[in-house]
Each structure stands twice: as structure tokens, then as C-alpha cells.
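Below: one structure, written as C-alpha cells.
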Amino acid sequence: PPLKRLLLTTILLNALFLALLLPHYPQMPWLAAEALLISGLFALLPESTGKRVGAATVGALFGLLAFFALSDVLVRHSIGRPFNLYLELGLAGSVFNLLQSNLGVTLSLMLIVMALTVFVGLGICVSRLLRQVDANRSRAAARAVASLGIVAIGVTFLPQPFVGLTAARAATQQVELAADTYQSTASFQQHLMDNPGASQSRPLQALAQTDVILGFIESYGISSVTDPRYGRLIQPRLKQMEQVLANAGLHMVTGRLQSPVQGGQSWLAHTTLLSGQWIDTQLDYDTFLASDYPTLIDDMGATGHDSVAVMPAITREWPEGLAFGYNRIYHSTSMGYRGPALNWVTMPDQYTWSWFQRQIRERADHTPVFAEVALISSHAPWVPILPVLDDWDSIGDGEIFNRWKDAGEAPASLWRDPERVRDHYARSLDYALNVATEYAKRHVDNKTLLVLTGDHQAAPLITGDNASRDVVVHVISADPTMLAPFVGSGDQEGLRGFRWGAHPHLGQRGPSMASFRPFLHQAFSPSLIPVKISAADTIEK
């Protein structure tokens with residue numbers, strides 16, 4: 001009967017439109033005002049071409065908004081922020097590359113086709129519901145539903161939780177995010193243009209004869225220490241790390257820095273730390289690369305260092321690297337690796353460290369090196385977990401790792417169980433820290449400043465919602481004089497919260513990653529006169 005069909009259509013549309021607000025659960029209304037209005041209006045329309053076109057249009061718009069809703073859920077759980085179409089359009093290629101490297105091309109394409117089928121199907125479903133609703137025998141009921149929709153829209157402007165504008169809210173969110181992002185990017189661009197030091201680098205003469213190594217450890221966030229699920233493994237690792245380095249005659253300070261991102265887009269964190277500018281969107285990143293603003297790479301070049309980038313995760317051309325101004329860039333196809341790829345991870349960290357030492361540092365010909373080394377063994381999907389080889393001389397071209405080819409289970413299997421995913425995350429990070437410790441023990445001396453820093457926290461699936469975005473930072477050298485500025489010495493302030501040892505402060509938030517380069521200017525510029533301290537002083541502190 002027409003009246004029964006009208007009621008059923010209204011109920012189904014209400015449920016579908018409410019689903020658009022799933023990313024905001026449990027702050028969801030019970031009634032979707034648009035569903036009531038649309039259901040009533042289409043019931044009043046006679047069968048015609050106009051009704052069919054209108055139904056198809058509403059269905060297409062609903063399918064698009066459903067895509068926004070699901071994308072919002074996925075983005076919030078993976079990188080800890082809302083879905084922003086204005087930003088995400090430029091990241092589609094990176095998302096597909098991540099999918100195919102973990103799942104393979106065939107399965108990735110199947111998932112994309114399935115997703116498109118679902119959204120198109122939802123649009124067709126809404127369209128058919130609207131085309132079939134007919135209240136010629138119950139026009140009073142149709143007018144009542146439409147009127148109720150109009151009233152409901154008016155009620156949404158009152159402070160009550162029961163009725164909401166669902167489709168309008170989802171669409172408006174994207175418009176507001178686009179406007180805010182555009183304004184933020186324009187302000188950032190103007191800041192770069194107005195900065196009088198935009199074309200100047202600053203030599204760090206106190207590091208003129210020192211190899212400076214900046215190692216980014218993937219997903220090494222503060223939650224790995226503060227969260228009991230991971231701290232039970234990582235805190236003992238840090239204690240062992242401190243003891244191993246002390247036995248090797250090395251010193252270290254540890255602190256926290258706030259990353260601009262979480263869960264992904266690590267290049268934004270790298271650029272923030274290198275540039276001294278807060279860069280938290282892809283648009284800001286593109287704007288920065290198009291500017292003449294210098295980075296730590298330029299500072300070290302002015303100091304006399306040979307600057308190199310070691311990027312094992314990069315599998316294709318990387319024009320951005322040229323914009324940064326590295327003397328040389330090494331990536332997965334130019335590092336001589338003959339071992340197996342380990343799902344997303346092109347090569348294990350131990351090979352990266354071994355290759356870097358043999359091919360870069362030992363061939364430096366007395367020229368100090370500044371190196372950015374991207375360490376990727378702790379990158380999702382966190383399978384398989386490799387042991388650390390005792391015999392570093394056996395690593396060679398990496399063929400020794402062939403014994404772990406196809407080891408462990410497939411990522412698609414592991415990720416069915418979030419608790420096991422979290423366990424693998426902790427174990428992969430434990431491996432990364434263990435390898436970095438062994439490298440430092442062997443190759444860090446009093447002419448080396450090794451900075452090991454996380455790039456960002458892992459995804460909210462790992463950390464939980466609203467976790468701190470701080471990452472852990474270790475600075476290591478055999479010369480305690482080079483570490484003293486980080487904790488403060490004499491009348492000079494250090495980086496907030498940094499202290500001697502391997503454990504960061506757990507209750508004190510770290511400064512921004514953007515503060516790191518200005519701090520190095522302050523601490524190691526020609527005007528700095530380092531305060532000599534003894535090894536005994538470091539232990540006491």
C-alpha cells in the first residue's frame with residue numbers, strides 16, 4: 001500500500017542519512033531532517049522525467065557523501081584527523097601505493113572496485129526508493145511527512161540532540177575544511193615570503209668536524225613508552241640501550257618533540273624538523289618546497305658537510321629531494337640490496353645502517369657527513385619481525401636476509417586481530433631500537449652526533465584516540481660536550497624536557513619539532529662556547 005511504502009521509505013532513508021554521521025558516533029541524532037523532507041516531497045511528485053532525474057541526483061549525492069563518511073572513519077583511525085577532500089585528492093596515489101605494497105596489485109584493485117560498487121549501489125538504492133514512493137492515495141500523509149521535515153530542519157538550529165542535518169553537515173564539513181586549509185596555506189605562504197631570513201642558511205661551526213646523522217625511526221611515538229601495552233617491552237629496551245652505550249663509552253640525552261602528524265605522511269614531520277617551520281598539510285609542504293626557505297641541509301652544507309639522504313622506502317623518482325638540496329640521494333633501487341622485500345618494508349633497518357656505514361661514512365674521505373636516514377622496519381604492517389644479526393660483516397648485499405623471504409603471516413591475516421597488530425608494532429619498534437643501538441655502539445665516536453627521533457605516533461588504532469603527538473628523541477655521542485646544550489649548560493637553556501639517559505619525561509609535553517633547527521642555531525652557532533663537562537657529570541645528572 002502507498003502509505004506503508006511511504007513509511008518504510010522514510011524509515012530507510014532516515015537510517016541511511018544517519019549513517020553519514022558515523023564518524024561522529026556517539027554524538028549522533030535520532031532523526032535526519034533531510035530524510036523526512038525528501039521522502040515527503042518525492043511522495044508528492046507525480047511519476048515523470050523530472051522525478052527520475054531528481055531521484056538520480058539525490059542518489060548520486062548520497063553515494064558521494066557515503067564515500068566521505070567511510071573515508072572519514074578510515075582517515076581518523078589511520079592518521080588521527082578528519083577526512084579533508086581538499087588535501088586527500090593529492091594523496092590518492094600514495095594510498096594506492098601503500099595498499100598494493102601490502103596486499104598486492106590484484107587484491108588492491110579488487111578492494112577499490114568493491115568499494116566503488118558499494119557506493120554506487122547505495123546511490124542506486126536511494127534513487128530507487130525515491131522513485132517508487134508514491135502517495136497519490138495518501139497525499140495528506142505525504143504532506144505531513146514533508147511538513148515534519150521542514151519543522152525538523154528548523155528544530156536543528158535549537159540546542160537539542162534528537163534531530164540533525166546529516167547530509168548538510170557532512171557536506172558543510174568538507175567546505176569548511178577546504179576553506180580553512182586554503183586560508184592556512186595562504187597564511188603560511190605569506191609567512192615564508194615575509195621572513196627576511198628566507199634565503200639565508202646559518203653555518204653550525206661547532207659541528208664543523210662532526211658527522212651529524214639524523215635517523216628517523218618510523219612510528220616511534222611517546223605512546224610506545226607511556227602505554228603499558230608497549231612500555232612493557234620498550235622501557236626495558238631503553239634501559240638496555242642506555243647500559244650498552246655507556247659500556248661503549250657513549251653518552252646520550254633523551255627528550256620529546258611534538259610531531260605535526262600522526263599515523264602517516266612522515267615527510268611532513270621530516271620537513272618540519274629540517275626547516276624549523278610547522279608543516280602539517282600536503283599543501284604547506286608543496287608551498288615550502290616552492291619557496292627559497294633554507295633548511296638544516298643548507299645549514300650543514302654551509303658548515304662544510306656532504307649532505308646525503310638515505311631513503312630505502314622510496315621506490316621511484318623523488319623530485320622533492322632535489323628541491324631540498326641534498327648532494328646525493330639514495331633510495332631502494334640504488335642501495336645495492338639483494339635481499340627480499342618484507343611487505344611494505346623494502347629492506348630491514350640493519351641493512352640500511354650497514355650499507356650507510358660502508359658506502360657513505362667509510363668513503364667520506366675526511367669530509368664530514370650530514371645524513372638523513374629513514375628507518376622503516378617499524379612501519380606498518382609490522383610483519384615479519386626479524387632478529388638482529390650478531391655478525392654485521394655477514395650482511396653484505398643483503399642476501400643473508402633471504403631466509404626470511406615470505407616469513408610470517410600475510411598482513412591481511414594479521415590485521416584481522418587488532419591486539420596482535422599492536423603486539424607486532426611493539427616488537428618491530430623493539431627491533432628498530434635494538435639495531436640502532438648496535439650501530440651506535442660500533443660506529444659512534446667523539447666526532448659523531450647521532451640523533452634518533454621518531455617521525456610520528458602510530459595510528460590511533462595503536463595509540464588510542466586523543467593521544468599525545470609527541471615522539472621520542474635520543475641524541476648520542478662519545479663527546480658529552482656536544483650533548484650538554486640539549487639539557488642546558490651554564491646560562492644557556494636546553495630543549496625543554498631533555499635530560500641525560502635513555503628515558504624521556506613521561507609527564508611533560510615536548511616542544512614543537514619546528515623548534516629543533518632554531519635550537520641548533522642557538523647551540524652550535526659560532527657564538528657558542530661549549531661548556532666542557534666530564535663523563536662523571538653526565539652520570540650524576
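Chain lettering (A, B, ...) mirrors the order of the C-alpha cells, residue numbering begins at 1 for each chain separately, and ligand numbering begins at 1 in order of display.
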List the neighbours of Phe67 in chain A out to 9 Å using only C-alpha atoms; skip same-chain residues closer than 5 positions along the sequence, and give me the result as a list in words.
-> Leu20, Phe62, Asp72, Ala115, Leu116 and Phe119 of chain A
Selection export as an mmCIF file, in the first residue's frame, atoms kept: all heavy atoms:
```cif
data_model
loop_
_atom_site.group_PDB
_atom_site.id
_atom_site.type_symbol
_atom_site.label_atom_id
_atom_site.label_comp_id
_atom_site.auth_asym_id
_atom_site.auth_seq_id
_atom_site.Cartn_x
_atom_site.Cartn_y
_atom_site.Cartn_z
ATOM 1 N N LEU A 20 25.572 8.685 7.677
ATOM 2 C CA LEU A 20 26.574 9.655 7.215
ATOM 3 C C LEU A 20 27.336 10.279 8.378
ATOM 4 O O LEU A 20 28.426 10.840 8.179
ATOM 5 C CB LEU A 20 25.901 10.766 6.396
ATOM 6 C CG LEU A 20 25.217 10.336 5.095
ATOM 7 C CD1 LEU A 20 24.526 11.532 4.443
ATOM 8 C CD2 LEU A 20 26.224 9.714 4.134
ATOM 9 N N PHE A 62 24.106 11.231 -2.423
ATOM 10 C CA PHE A 62 24.203 10.393 -1.226
ATOM 11 C C PHE A 62 25.382 9.435 -1.340
ATOM 12 O O PHE A 62 26.119 9.229 -0.359
ATOM 13 C CB PHE A 62 22.918 9.594 -1.016
ATOM 14 C CG PHE A 62 22.989 8.728 0.209
ATOM 15 C CD1 PHE A 62 22.689 9.235 1.458
ATOM 16 C CD2 PHE A 62 23.392 7.395 0.114
ATOM 17 C CE1 PHE A 62 22.784 8.447 2.587
ATOM 18 C CE2 PHE A 62 23.491 6.600 1.246
ATOM 19 C CZ PHE A 62 23.176 7.125 2.491
ATOM 20 N N ASP A 72 36.181 9.275 6.136
ATOM 21 C CA ASP A 72 36.429 9.988 7.393
ATOM 22 C C ASP A 72 36.775 9.007 8.502
ATOM 23 O O ASP A 72 37.715 9.234 9.287
ATOM 24 C CB ASP A 72 35.184 10.803 7.763
ATOM 25 C CG ASP A 72 35.508 11.908 8.764
ATOM 26 O OD1 ASP A 72 36.700 12.172 8.989
ATOM 27 O OD2 ASP A 72 34.569 12.499 9.311
ATOM 28 N N ALA A 115 34.707 -1.244 -3.222
ATOM 29 C CA ALA A 115 34.278 -0.012 -2.564
ATOM 30 C C ALA A 115 33.420 0.833 -3.503
ATOM 31 O O ALA A 115 32.367 1.363 -3.105
ATOM 32 C CB ALA A 115 35.496 0.779 -2.099
ATOM 33 N N LEU A 116 33.859 0.961 -4.760
ATOM 34 C CA LEU A 116 33.073 1.733 -5.733
ATOM 35 C C LEU A 116 31.698 1.099 -5.931
ATOM 36 O O LEU A 116 30.692 1.810 -6.044
ATOM 37 C CB LEU A 116 33.823 1.808 -7.061
ATOM 38 C CG LEU A 116 35.076 2.679 -7.082
ATOM 39 C CD1 LEU A 116 35.794 2.561 -8.421
ATOM 40 C CD2 LEU A 116 34.718 4.138 -6.801
ATOM 41 N N PHE A 119 29.418 2.075 -2.997
ATOM 42 C CA PHE A 119 28.933 3.457 -3.001
ATOM 43 C C PHE A 119 27.945 3.692 -4.146
ATOM 44 O O PHE A 119 26.930 4.381 -3.968
ATOM 45 C CB PHE A 119 30.105 4.424 -3.098
ATOM 46 C CG PHE A 119 31.017 4.370 -1.902
ATOM 47 C CD1 PHE A 119 32.380 4.178 -2.044
ATOM 48 C CD2 PHE A 119 30.504 4.492 -0.619
ATOM 49 C CE1 PHE A 119 33.210 4.107 -0.947
ATOM 50 C CE2 PHE A 119 31.323 4.428 0.492
ATOM 51 C CZ PHE A 119 32.682 4.232 0.323
#
```
Please report, as JSON lines, each residue of range 250-316 of chain A lying at most 8 Å from range 503-515 of chain A, together with the nearest pair of atoms and the separation in Å rounded to one decimal; use only C-alpha atoms, and order rows by chain and ascending residue number.
```
{"residue": "A:Thr254", "atom": "CA", "partner": "A:Pro504", "partner_atom": "CA", "distance": 5.4}
{"residue": "A:Gly255", "atom": "CA", "partner": "A:Pro504", "partner_atom": "CA", "distance": 4.9}
{"residue": "A:Arg256", "atom": "CA", "partner": "A:Gly510", "partner_atom": "CA", "distance": 4.5}
{"residue": "A:Leu257", "atom": "CA", "partner": "A:Gly510", "partner_atom": "CA", "distance": 4.6}
{"residue": "A:Gln258", "atom": "CA", "partner": "A:Ser512", "partner_atom": "CA", "distance": 4.6}
{"residue": "A:Ser259", "atom": "CA", "partner": "A:Met513", "partner_atom": "CA", "distance": 5.8}
{"residue": "A:Pro260", "atom": "CA", "partner": "A:Met513", "partner_atom": "CA", "distance": 7.7}
{"residue": "A:Ala269", "atom": "CA", "partner": "A:Met513", "partner_atom": "CA", "distance": 7.5}
{"residue": "A:Thr272", "atom": "CA", "partner": "A:Ala514", "partner_atom": "CA", "distance": 5.3}
{"residue": "A:Leu273", "atom": "CA", "partner": "A:Met513", "partner_atom": "CA", "distance": 5.0}
{"residue": "A:Leu274", "atom": "CA", "partner": "A:Ala514", "partner_atom": "CA", "distance": 7.8}
{"residue": "A:Ser275", "atom": "CA", "partner": "A:Ala514", "partner_atom": "CA", "distance": 7.0}
{"residue": "A:Gly276", "atom": "CA", "partner": "A:Ala514", "partner_atom": "CA", "distance": 4.0}
{"residue": "A:Gln277", "atom": "CA", "partner": "A:Ala514", "partner_atom": "CA", "distance": 5.1}
{"residue": "A:Trp278", "atom": "CA", "partner": "A:Ala514", "partner_atom": "CA", "distance": 5.5}
```
Please provide as a count of residues only all residues within 8 Å of range 14-19 of chain A, with the sequence filter that same-chain residues fewer than 3 positions apart are discarded (counting only C-alpha atoms).
-> 15
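Nearest residue to Ile376 in chain A among A:Gly215, A:Gly488, A:Gly497, A:Gly249 is A:Gly215, counting only C-alpha atoms.
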Nearest-residue call for Thr481 in chain A, choices A:Leu268, A:Gln262, A:Leu250, A:Thr367, using only C-alpha atoms | A:Leu250
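Shortest atom-to-atom contact with Tyr425 in chain A among A:Ile462, A:Ala502, A:Val471, A:Met311: A:Ile462, counting only C-alpha atoms.
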Identify, on the basis of only C-alpha atoms, every residue whose closest approach to Ile213 in chain A does not exceed 10 Å; exclude the query and any residue fewer than 2 positions from it along the same chain; express the result as JSON, numbers by chain.
-> {"A": [210, 211, 215, 216, 307, 308, 369, 370, 371, 372, 373, 444, 448, 449, 450, 451, 452, 475, 476]}
Would you kindly return, as a PyMOL selection string, each protein, DNA or RNA residue with an atom no farther than 9 Å from any atom of Pro312 in chain A, considering only C-alpha atoms and excluding same-chain residues fewer than 2 positions away?
-> chain A and resi 310+314-315+330-335+345-347+352+373-376
Name the residues in contact with Arg338 in chain A at a cut-off of 12 Å, using only C-alpha atoms, excluding same-chain residues fewer than 5 positions from it; report them as a ChimeraX atom specification.
-> /A:332-333,346-348,351,355,395-402,405
